[in-house]
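Quick look at model.cif (mmCIF, C-alpha atoms):
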data_query
#
loop_
_atom_site.group_PDB
_atom_site.id
_atom_site.type_symbol
_atom_site.label_atom_id
_atom_site.label_comp_id
_atom_site.auth_asym_id
_atom_site.auth_seq_id
_atom_site.Cartn_x
_atom_site.Cartn_y
_atom_site.Cartn_z
ATOM 1 C CA MET V 68 -141.184 35.338 70.151
ATOM 2 C CA LYS V 69 -144.549 36.915 70.977
ATOM 3 C CA ILE V 70 -147.600 36.745 68.706
ATOM 4 C CA ASP V 71 -150.953 38.058 69.942
ATOM 5 C CA ASN V 72 -151.650 36.018 73.100
ATOM 6 C CA LEU V 73 -148.948 33.398 72.377
ATOM 7 C CA THR V 74 -145.399 33.321 73.709
ATOM 8 C CA ILE V 75 -143.022 30.923 71.974
ATOM 9 C CA ARG V 76 -139.604 29.972 73.345
ATOM 10 C CA TRP V 77 -136.947 27.461 72.420
ATOM 11 C CA VAL V 78 -134.413 25.675 74.573
ATOM 12 C CA HIS V 79 -131.439 24.139 72.746
ATOM 13 C CA ASN V 80 -129.179 21.473 74.061
ATOM 14 C CA GLY V 81 -126.528 20.931 71.424
ATOM 15 C CA TYR V 82 -123.589 20.189 73.652
ATOM 16 C CA ALA V 83 -121.543 17.006 73.444
ATOM 17 C CA ASP V 84 -121.776 16.211 77.159
ATOM 18 C CA PHE V 85 -125.445 15.167 76.875
ATOM 19 C CA LYS V 86 -126.508 11.785 75.515
ATOM 20 C CA HIS V 87 -128.922 13.190 72.902
ATOM 21 C CA LYS V 88 -128.867 16.680 71.475
ATOM 22 C CA HIS V 89 -132.340 18.202 71.376
ATOM 23 C CA THR V 90 -134.474 21.285 70.908
ATOM 24 C CA GLN V 91 -137.539 21.998 73.011
ATOM 25 C CA CYS V 92 -140.281 24.432 71.980
ATOM 26 C CA LEU V 93 -142.624 25.929 74.550
ATOM 27 C CA ILE V 94 -145.869 27.621 73.535
ATOM 28 C CA ILE V 95 -147.510 29.535 76.361
ATOM 29 C CA ARG V 96 -151.153 30.477 75.830
ATOM 30 C CA ASP V 97 -153.666 31.551 78.491
ATOM 31 C CA ASN V 98 -151.553 30.152 81.366
ATOM 32 C CA MET V 99 -151.200 26.803 79.593
ATOM 33 C CA THR V 100 -147.898 25.474 78.282
ATOM 34 C CA PHE V 101 -147.533 23.136 75.310
ATOM 35 C CA CYS V 102 -144.248 21.404 74.499
ATOM 36 C CA GLY V 103 -142.698 19.983 71.377
ATOM 37 C CA TYR V 104 -139.339 18.202 71.130
ATOM 38 C CA ALA V 105 -136.890 17.423 68.363
ATOM 39 C CA LEU V 106 -134.219 14.863 69.198
ATOM 40 C CA CYS V 107 -131.034 14.160 67.236
ATOM 41 C CA SER V 108 -129.733 10.667 66.790
ATOM 42 C CA ASN V 109 -126.056 10.076 67.476
ATOM 43 C CA LYS V 110 -125.373 10.207 63.718
ATOM 44 C CA ASP V 111 -127.099 13.565 63.156
ATOM 45 C CA SER V 112 -125.353 16.903 63.326
ATOM 46 C CA PHE V 113 -127.116 19.461 65.508
ATOM 47 C CA SER V 114 -129.000 22.200 63.633
ATOM 48 C CA ARG V 115 -130.855 24.888 65.571
ATOM 49 C CA ASP V 116 -133.066 25.838 62.645
ATOM 50 C CA THR V 117 -134.136 22.266 61.871
ATOM 51 C CA GLY V 118 -134.735 21.573 65.563
ATOM 52 C CA ARG V 119 -136.822 24.721 65.890
ATOM 53 C CA LYS V 120 -139.014 23.823 62.917
ATOM 54 C CA ILE V 121 -139.657 20.262 64.093
ATOM 55 C CA SER V 122 -140.275 21.176 67.726
ATOM 56 C CA LEU V 123 -142.517 24.125 66.767
ATOM 57 C CA ALA V 124 -144.628 21.906 64.502
ATOM 58 C CA ARG V 125 -145.035 19.350 67.298
ATOM 59 C CA ALA V 126 -145.906 22.003 69.889
ATOM 60 C CA LEU V 127 -148.476 23.567 67.561
ATOM 61 C CA LYS V 128 -150.047 20.158 66.993
ATOM 62 C CA ALA V 129 -150.282 19.560 70.746
ATOM 63 C CA SER V 130 -151.832 22.984 71.375
ATOM 64 C CA GLN V 131 -154.637 22.552 68.805
ATOM 65 C CA ILE V 132 -154.399 26.206 67.795
ATOM 66 C CA PRO V 133 -156.721 27.176 64.884
ATOM 67 C CA LYS V 134 -155.231 27.236 61.399
ATOM 68 C CA GLU V 135 -155.314 31.038 61.103
ATOM 69 C CA GLU V 136 -153.186 31.430 64.235
ATOM 70 C CA ARG V 137 -150.786 28.679 63.131
ATOM 71 C CA LEU V 138 -150.240 30.548 59.869
ATOM 72 C CA LYS V 139 -149.382 33.704 61.857
ATOM 73 C CA VAL V 140 -146.918 31.714 63.970
ATOM 74 C CA TRP V 141 -145.137 30.271 60.931
ATOM 75 C CA GLU V 142 -144.989 33.674 59.228
ATOM 76 C CA ALA V 143 -143.543 35.257 62.378
ATOM 77 C CA TYR V 144 -141.000 32.438 62.639
ATOM 78 C CA ARG V 145 -139.984 32.898 59.015
ATOM 79 C CA ASN V 146 -139.436 36.627 59.582
ATOM 80 C CA MET V 147 -137.915 36.271 63.070
ATOM 81 C CA THR V 148 -134.457 37.431 61.987
ATOM 82 C CA VAL V 149 -133.001 39.577 59.254
ATOM 83 C CA LYS V 150 -131.902 36.426 57.424
ATOM 84 C CA LYS V 151 -135.057 34.913 55.946
ATOM 85 C CA ARG V 152 -135.859 31.296 56.747
ATOM 86 C CA TRP V 153 -136.848 29.581 53.458
#
Rendering of file as structure tokens:
Amino acid sequence: MKIDNLTIRWVHNGYADFKHKHTQCLIIRDNMTFCGYALCSNKDSFSRDTGRKISLARALKASQIPKEERLKVWEAYRNMTVKKRW
């Protein structure tokens, strides 16, 4: 997903052969990369959407992006596909 000067990508690992299922969010801004992770416990069922939300929130917090840009990111995420997210 691309918004202004931000590039946002997710990496999902929801396969049973890994110890913990997880989602990683990468925010790339001005040649800097910020990461956020969402880990599942063994009792959780893997959900891409939930993992994306948690990891995106953590990556945005790490990047210290201004509130106006964060609002744009969340709006773009919500409208990322034809099926609306919340």
Margin query: Given only C-alpha atoms as the basis, pick out the residue of V:Asn80, V:Asn109, V:Ser122, V:Thr148 nearest to V:Ile94.
Written below: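 Closest residue, counting only C-alpha atoms: V:Ser122.
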Item checked: Test item: residues at most 12 Å from V:Lys128, only C-alpha atoms, excluding those fewer than 2 positions along its chain, as number ranges by chain -> V: 92, 94, 101-104, 121-126, 130-134, 137
Could you take the residues named above and write them with C-alpha atoms, as a PDB file, in the frame of the given file?
ATOM      1  CA  CYS V  92    -140.281  24.432  71.980  1.00  0.00           C
ATOM      2  CA  ILE V  94    -145.869  27.621  73.535  1.00  0.00           C
ATOM      3  CA  PHE V 101    -147.533  23.136  75.310  1.00  0.00           C
ATOM      4  CA  CYS V 102    -144.248  21.404  74.499  1.00  0.00           C
ATOM      5  CA  GLY V 103    -142.698  19.983  71.377  1.00  0.00           C
ATOM      6  CA  TYR V 104    -139.339  18.202  71.130  1.00  0.00           C
ATOM      7  CA  ILE V 121    -139.657  20.262  64.093  1.00  0.00           C
ATOM      8  CA  SER V 122    -140.275  21.176  67.726  1.00  0.00           C
ATOM      9  CA  LEU V 123    -142.517  24.125  66.767  1.00  0.00           C
ATOM     10  CA  ALA V 124    -144.628  21.906  64.502  1.00  0.00           C
ATOM     11  CA  ARG V 125    -145.035  19.350  67.298  1.00  0.00           C
ATOM     12  CA  ALA V 126    -145.906  22.003  69.889  1.00  0.00           C
ATOM     13  CA  SER V 130    -151.832  22.984  71.375  1.00  0.00           C
ATOM     14  CA  GLN V 131    -154.637  22.552  68.805  1.00  0.00           C
ATOM     15  CA  ILE V 132    -154.399  26.206  67.795  1.00  0.00           C
ATOM     16  CA  PRO V 133    -156.721  27.176  64.884  1.00  0.00           C
ATOM     17  CA  LYS V 134    -155.231  27.236  61.399  1.00  0.00           C
ATOM     18  CA  ARG V 137    -150.786  28.679  63.131  1.00  0.00           C
TER      19      ARG V 137
END
Next item on the list: Using the chain letters and residue numbers of this document, give as number ranges by chain the residues selected by the PyMOL selection byres ((chain V and resi 106) around 7).
Entry: V: 87-90, 104-105, 107-108
Next item on the list: Expand the PyMOL selection byres ((chain V and resi 76) around 7) into the individual residues it matches in the shown file, reporting them as JSON, numbers by chain.
Entry: {"V": [68, 74, 75, 77, 78, 92, 93, 94]}
Next item on the list: Determine, counting only C-alpha atoms, which protein, DNA and RNA residues have an atom within 10 Å of an atom of V:Asp71; residues of the same chain fewer than 4 positions away are not included. Present the result as a PyMOL selection string.
Entry: chain V and resi 96+136+139-140
Notebook entry, point to check: Which residue out of V:Thr100, V:Gly118, V:Ile95, V:Ser112 has the minimum interatomic distance to V:Lys69 when only C-alpha atoms are used?
Noted result: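 Between V:Thr100, V:Gly118, V:Ile95, V:Ser112, the residue approaching V:Lys69 most closely is V:Ile95.
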Notebook entry, point to check: atom CA of V:Lys120 and atom CA of V:Tyr144, how far apart in Å?
Noted result: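 Computed distance, atom CA of V:Tyr144 to atom CA of V:Lys120, equals 8.8 Å.
What separates atom CA of V:His79 from atom CA of V:Asn98 is a distance of 22.7 Å.
With distances taken over all atoms listed in the file, V:Asn72 is the one residue among V:Arg119, V:Leu138, V:Asn72, V:Asp111 lying closest to V:Met99.
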Item checked: Nearest candidate to V:Met147 (options V:Glu135, V:Ala129, V:Asp97, V:Ile70; using all atoms listed in the file) -> V:Ile70
